[in-house]
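**Q** What follows is model_32.txt, compact mmCIF, C-alpha atoms.
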# COMPACT_ATOMS: atom_id res chain seq x y z
CA MET A 1287 27.57 -39.37 13.54
CA LYS A 1288 25.09 -36.82 12.26
CA PRO A 1289 24.28 -33.89 14.58
CA ALA A 1290 20.86 -33.99 16.18
CA ILE A 1291 18.19 -31.88 14.52
CA ARG A 1292 16.61 -29.29 16.79
CA LYS A 1293 12.87 -29.86 17.08
CA ASN A 1294 11.46 -26.37 17.19
CA LYS A 1295 7.86 -25.46 16.69
CA THR A 1296 7.57 -24.73 12.97
CA LYS A 1297 6.69 -21.13 12.17
CA ILE A 1298 4.40 -20.70 9.16
CA ILE A 1299 3.58 -17.37 7.49
CA THR A 1300 0.37 -17.41 5.43
CA THR A 1301 -1.20 -14.98 2.97
CA ASP A 1302 -3.20 -13.44 5.80
CA ASP A 1303 0.04 -12.79 7.71
CA ILE A 1304 1.37 -11.04 4.60
CA LEU A 1305 -1.82 -8.98 4.50
CA LEU A 1306 -1.21 -7.99 8.13
CA ILE A 1307 2.30 -6.79 7.22
CA LEU A 1308 0.76 -4.66 4.47
CA CYS A 1309 -1.88 -3.24 6.83
CA ARG A 1310 0.78 -2.27 9.36
CA SER A 1311 2.84 -0.58 6.64
CA MET A 1312 -0.17 1.42 5.46
CA SER A 1313 -1.24 2.43 8.95
CA GLY A 1314 2.29 3.28 10.06
CA VAL A 1315 3.32 5.32 7.01
CA LEU A 1316 0.03 7.25 6.79
CA SER A 1317 -0.02 7.96 10.53
CA LYS A 1318 3.53 9.30 10.40
CA ALA A 1319 3.07 11.27 7.17
CA THR A 1320 -0.13 12.96 8.34
CA GLN A 1321 0.71 13.17 12.06
CA SER A 1322 -2.70 11.66 12.78
CA SER A 1323 -4.25 8.33 13.68
CA VAL A 1324 -4.97 5.93 10.79
CA ASN A 1325 -6.27 2.54 11.93
CA TYR A 1326 -7.40 -0.69 10.29
CA SER A 1327 -10.20 -3.07 11.24
CA ALA A 1328 -9.37 -6.29 13.07
CA MET A 1329 -11.85 -8.05 10.78
CA VAL A 1330 -10.87 -8.98 7.22
CA GLN A 1331 -13.37 -9.58 4.41
CA LYS A 1332 -12.92 -12.34 1.82
CA ILE A 1333 -13.79 -11.06 -1.65
CA SER A 1334 -13.98 -12.73 -5.05
CA LYS A 1335 -12.34 -9.95 -7.10
CA THR A 1336 -10.52 -6.65 -6.70
CA SER A 1337 -11.70 -3.38 -8.20
CA LEU A 1338 -10.97 0.32 -8.41
CA LYS A 1339 -13.87 2.36 -7.05
CA PRO A 1340 -14.85 6.05 -6.76
CA ASP A 1341 -13.67 8.53 -5.73
CA PHE A 1342 -9.96 7.64 -5.89
CA GLY A 1343 -8.58 4.23 -6.82
CA CYS A 1344 -4.93 3.20 -6.77
CA PHE A 1345 -3.30 -0.08 -7.77
CA VAL A 1346 0.20 -1.53 -7.52
CA LEU A 1347 1.41 -4.81 -9.04
CA PHE A 1348 4.23 -6.71 -7.38
CA ASP A 1349 6.28 -9.74 -8.39
CA GLY A 1350 9.27 -11.74 -7.25
CA GLY A 1351 9.11 -14.14 -4.31
CA PHE A 1352 5.36 -14.06 -4.82
CA SER A 1353 3.02 -12.14 -7.13
CA GLY A 1354 0.00 -10.05 -6.36
CA LEU A 1355 -1.99 -6.85 -6.63
CA VAL A 1356 -2.63 -4.13 -4.06
CA VAL A 1357 -5.64 -1.85 -4.54
CA THR A 1358 -6.63 1.11 -2.38
CA ASN A 1359 -9.95 2.91 -2.72
CA PHE A 1360 -10.38 6.32 -1.10
CA THR A 1361 -13.62 8.21 -0.60
CA LYS A 1362 -13.35 11.92 -1.44
CA ASP A 1363 -13.52 12.87 2.25
CA ALA A 1364 -10.76 10.46 3.22
CA ALA A 1365 -8.63 11.60 0.26
CA LEU A 1366 -8.99 15.29 1.16
CA GLU A 1367 -8.28 14.65 4.84
CA LEU A 1368 -5.09 12.68 4.16
CA TYR A 1369 -3.97 15.21 1.55
CA THR A 1370 -4.59 18.21 3.83
CA LYS A 1371 -2.91 16.69 6.89
CA TYR A 1372 0.09 15.56 4.84
CA MET A 1373 0.59 18.97 3.26
CA ASN A 1374 0.15 20.71 6.62
CA ASN A 1375 2.81 18.41 8.05
CA MET A 1376 5.06 19.40 5.13
CA GLY A 1377 4.61 23.05 6.11
CA MET A 1378 2.30 24.09 3.28
CA PRO A 1379 0.12 27.14 4.14
CA GLU A 1380 -3.60 26.39 4.41
CA GLU A 1381 -4.53 28.97 1.79
CA GLU A 1382 -2.38 27.22 -0.83
CA LEU A 1383 -4.06 23.82 -0.45
CA ALA A 1384 -6.52 22.34 -2.92
CA ILE A 1385 -10.12 22.27 -1.71
CA LEU A 1386 -11.57 19.86 -4.30
CA HIS A 1387 -10.81 16.14 -4.30
CA THR A 1388 -10.64 16.23 -8.11
CA SER A 1389 -7.59 18.54 -8.04
CA ASP A 1390 -4.45 17.01 -9.54
CA GLU A 1391 -2.54 17.84 -6.35
CA VAL A 1392 -4.72 15.49 -4.29
CA GLY A 1393 -4.10 12.55 -6.63
CA ASP A 1394 -0.37 13.32 -6.75
CA VAL A 1395 -0.09 13.30 -2.95
CA LEU A 1396 -2.06 10.06 -2.59
CA GLY A 1397 0.16 8.45 -5.23
CA GLU A 1398 3.27 9.58 -3.37
CA LEU A 1399 1.91 8.19 -0.10
CA MET A 1400 1.13 4.86 -1.76
CA ASN A 1401 4.69 4.73 -3.08
CA GLN A 1402 5.98 5.19 0.49
CA ILE A 1403 3.62 2.50 1.80
CA VAL A 1404 4.68 -0.08 -0.81
CA GLY A 1405 8.33 0.76 -0.16
CA ASP A 1406 7.86 0.07 3.54
CA PHE A 1407 5.95 -3.14 2.75
CA THR A 1408 8.62 -4.56 0.44
CA GLY A 1409 11.26 -3.76 3.07
CA GLN A 1410 9.30 -5.61 5.74
CA ILE A 1411 8.81 -8.60 3.42
CA ARG A 1412 12.53 -8.77 2.74
CA LYS A 1413 13.31 -8.67 6.45
CA THR A 1414 10.56 -10.99 7.70
CA LEU A 1415 10.34 -13.59 4.92
CA GLN A 1416 13.88 -13.38 3.52
CA THR A 1417 12.56 -12.99 0.00
CA THR A 1418 12.40 -10.06 -2.39
CA ILE A 1419 9.46 -8.56 -4.26
CA SER A 1420 9.49 -5.66 -6.69
CA GLN A 1421 6.62 -3.38 -7.64
CA ASN A 1422 5.60 -1.00 -10.39
CA GLN A 1423 4.85 2.69 -9.87
CA PRO A 1424 1.47 3.13 -8.13
CA LYS A 1425 -1.28 4.20 -10.54
CA MET A 1426 -3.78 6.68 -9.04
CA LEU A 1427 -7.07 7.57 -10.71
CA ALA A 1428 -10.01 9.85 -9.95
CA LEU A 1429 -13.01 7.69 -10.85
CA ASN A 1430 -16.77 8.01 -11.21
CA LYS A 1431 -17.40 4.30 -11.86
CA GLN A 1432 -16.04 0.94 -10.80
CA VAL A 1433 -13.23 -0.79 -12.75
CA ILE A 1434 -12.58 -4.50 -12.17
CA LEU A 1435 -8.90 -5.51 -11.92
CA SER A 1436 -7.17 -8.88 -12.09
CA VAL A 1437 -3.55 -9.90 -11.66
CA ASP A 1438 -1.86 -10.54 -15.03
CA THR A 1439 -0.10 -13.69 -13.90
CA ASN A 1440 -0.85 -17.38 -13.41
CA LEU A 1441 -2.19 -17.78 -9.89
CA ASP A 1442 -2.96 -21.39 -8.98
CA ARG A 1443 -5.11 -20.58 -5.95
CA PRO A 1444 -5.91 -16.86 -6.00
CA GLN A 1445 -7.12 -15.23 -2.81
CA ALA A 1446 -8.51 -11.74 -2.33
CA ARG A 1447 -9.05 -9.77 0.88
CA ARG A 1448 -10.48 -6.36 1.79
CA VAL A 1449 -9.62 -4.38 4.93
CA THR A 1450 -11.36 -1.23 6.16
CA PHE A 1451 -9.24 1.72 7.29
CA THR A 1452 -10.44 4.70 9.33
CA THR A 1453 -8.86 8.16 9.50
CA GLU A 1454 -8.74 10.42 12.55
CA LYS A 1455 -11.98 12.10 11.41
CA ASN A 1456 -13.66 8.71 10.91
CA ASN A 1457 -13.49 8.86 7.11
CA ILE A 1458 -13.27 5.43 5.49
CA PHE A 1459 -11.05 3.93 2.80
CA TYR A 1460 -10.35 0.36 1.77
CA LEU A 1461 -7.31 -1.80 1.08
CA GLU A 1462 -7.62 -4.84 -1.19
CA LEU A 1463 -4.98 -7.52 -1.71
CA ALA A 1464 -5.04 -10.29 -4.31
CA MET A 1465 -2.31 -12.94 -4.40
CA ASP A 1466 -1.78 -16.68 -4.63
CA LYS A 1467 -2.50 -18.75 -1.53
CA THR A 1468 0.94 -19.45 -0.13
CA GLU A 1469 2.87 -20.40 2.97
CA PHE A 1470 6.39 -19.51 4.09
CA ILE A 1471 7.79 -22.13 6.47
CA GLN A 1472 10.73 -21.24 8.70
CA LEU A 1473 13.28 -24.06 8.63
CA GLU A 1474 15.98 -22.44 10.75
CA GLU A 1475 16.35 -19.56 13.16
CA PHE A 1476 17.73 -16.35 11.62
CA GLU A 1477 18.44 -12.81 12.66
CA GLN A 1478 16.15 -10.25 11.10
CA GLU A 1479 17.57 -7.12 9.54
CA GLU A 1480 17.54 -3.88 11.49
CA GLU A 1481 14.02 -2.49 11.97
CA PHE A 1482 12.89 -0.31 9.09
CA ASP A 1483 12.47 3.33 10.18
CA ALA A 1484 9.36 4.96 8.74
CA ASP A 1485 10.68 8.33 9.96
CA ASP A 1486 13.66 8.05 7.60
CA LEU A 1487 11.38 7.14 4.70
CA PHE A 1488 9.15 10.13 5.38
CA GLU A 1489 12.11 12.51 5.63
CA GLN A 1490 13.54 11.19 2.34
CA HIS A 1491 10.27 11.84 0.53
CA LYS A 1492 9.88 15.19 2.28
CA SER A 1493 13.27 16.41 1.07
CA GLY A 1494 12.73 14.89 -2.37
CA ASN A 1495 9.36 16.61 -2.67
CA SER A 1496 10.86 20.04 -1.94
CA GLN A 1497 13.62 19.54 -4.51
CA GLN A 1498 11.18 18.46 -7.21
CA SER A 1499 8.37 20.92 -6.48
CA THR A 1500 9.00 22.72 -9.77
CA SER A 1501 8.83 19.57 -11.90
CA LYS A 1502 5.63 19.04 -13.88
CA GLU A 1503 3.47 16.02 -13.00
CA PRO A 1504 1.79 13.97 -15.76
CA SER A 1505 -1.76 15.01 -16.56
CA SER A 1506 -4.77 12.99 -15.41
CA GLN A 1507 -5.45 12.00 -19.03
CA ASP A 1508 -1.93 10.61 -19.38
CA VAL A 1509 -2.43 8.53 -16.22
CA ASP A 1510 -5.82 7.33 -17.49
CA ASP A 1511 -4.31 6.23 -20.81
CA SER A 1512 -1.45 4.46 -19.04
CA LEU A 1513 -3.85 2.63 -16.76
CA PHE A 1514 -6.15 1.39 -19.49
CA ASP A 1515 -3.18 0.39 -21.66
CA GLU A 1516 -1.87 -1.70 -18.80
CA LEU A 1517 -5.26 -3.31 -18.22
CA GLY A 1518 -5.68 -3.98 -21.93
CA ILE A 1519 -8.84 -1.85 -22.21
For this file, write the structure as structure tokens.

**A**
Amino acid sequence: MKPAIRKNKTKIITTDDILLILCRSMSGVLSKATQSSVNYSAMVQKISKTSLKPDFGCFVLFDGGFSGLVVTNFTKDAALELYTKYMNNMGMPEEELAILHTSDEVGDVLGELMNQIVGDFTGQIRKTLQTTISQNQPKMLALNKQVILSVDTNLDRPQARRVTFTTEKNNIFYLELAMDKTEFIQLEEFEQEEEFDADDLFEQHKSGNSQQSTSKEPSSQDVDDSLFDELGI
């Protein structure tokens, strides 16, 4: 005789739930790294396409259990605030900090923060959805014009969303996510992995940053060339 099947209420995770996981990763990592409040809007905007916009644009491609593109667009004020608070939290003297958003140091720090955010996000996806995604190195650019981006993969039903984030000083930046419309359906109960600790992630990057402080970062032109090569421009 076959055992009876438990009739539990089916749990379904949609693309908007995945977006919420990403928003929580961004808010949590930035809040911890800068020791300040970084919040996201409860309202999400549907958009037709993703784009890099002035003053700082960053994109990350991911693939695996599902494919997609994450874009973050920072205004110069938001970029400088996050950079300054992060470096202050790292113990950097105020007089040694960059004062212009076009400084290479600002772009480097934002790129490092994005790397931490995506690392947290992929960890949460693995734990929550029991699937694995991998990502490329975040590409950060100082821009004076808009650049349209699209995911270089076959998406049957592409969806794009934009979420507004606000810093402690009420400076604004935006998160955009493009991915295929999808659903994850929970068939059986399972135990989730141990909760990911953002504090550990921050400490790892903090120690790694101090050890590599003498290494030379790639120039802005090198990053520009790499970006446009990847986009086929």

**Q** Within 8 Å of Glu1462 (chain A), counting only C-alpha atoms, which residues qualify if same-chain residues fewer than 5 places away don't, as a ChimeraX atom specification?

**A** /A:1336,1356-1358,1446-1449

**Q** Considering all atoms listed in the file, return as a list in words whatever protein or nucleic-acid residues lie within 9 Å of Met1465 (chain A), sequence-local ones (same chain, fewer than 5 positions apart) excluded.

**A**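 Residues near the query, excluding close chain neighbours: Thr1301, Phe1352, Ser1353, Gly1354, Leu1355, Val1356, Val1437, Leu1441, Arg1443, Pro1444, Gln1445 and Ala1446 of chain A.
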
**Q** Using all atoms listed in the file for the distances, tell me which of A:Leu1461, A:Leu1429, A:Val1395, A:Leu1473 is nearest to Ala1319 (chain A).

**A**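 Closest to Ala1319 (chain A) of all the choices is A:Val1395.
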
**Q** CA of Thr1300 (chain A) to CA of Val1315 (chain A): how many Å, to one decimal?

**A**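 Taking CA of Thr1300 (chain A) as the start and CA of Val1315 (chain A) as the end point, the length is 23.0 Å.
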
**Q** Could you jot down the CA of Glu1381 (chain A) to CA of Asn1359 (chain A) separation for me, Å, one decimal place?

**A** 27.0 Å

**Q** Expressed in Å to a single decimal, how great is the separation between CA of Glu1454 (chain A) and CA of Ile1403 (chain A)?

**A**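 Atom-to-atom, CA of Glu1454 (chain A) and CA of Ile1403 (chain A) are spaced 18.2 Å apart.
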
**Q** Determine the nearest neighbour of Phe1345 (chain A) from the options A:Met1426, A:Ile1458, A:Ala1464, A:Val1404, counting all atoms listed in the file.

**A**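 Result for the nearest residue to Phe1345 (chain A): A:Met1426.
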
**Q** Excluding same-chain residues fewer than 3 positions from region 1417-1419 of chain A, what lies within 7 Å of it counting only C-alpha atoms, as a list in words?

**A**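 The neighbour list is Phe1348, Asp1349, Gly1350, Gly1351, Phe1352, Thr1408, Ile1411 and Arg1412 of chain A.
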
**Q** Between A:Leu1316, A:Thr1452, A:Glu1475, A:Leu1305, which residue has the minimum interatomic distance to Ala1364 (chain A), considering all atoms listed in the file?

**A**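 Among A:Leu1316, A:Thr1452, A:Glu1475, A:Leu1305, it is A:Thr1452 that comes nearest to Ala1364 (chain A).
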
**Q** Which of these, A:Gln1416, A:Phe1459, A:Thr1361, A:His1387, has the shortest distance to Glu1474 (chain A) once you count only C-alpha atoms?

**A** A:Gln1416

**Q** Can you pull out every residue within 9 Å of Ala1365 (chain A), counting all atoms listed in the file, but drop anything in the same chain fewer than 5 positions away, and send it as a list in words?

**A**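 Here the qualifying residues turn out to be Asp1341, Phe1342, Phe1360, Thr1370, His1387, Val1392, Gly1393, Leu1396, Asn1457 and Phe1459 of chain A.
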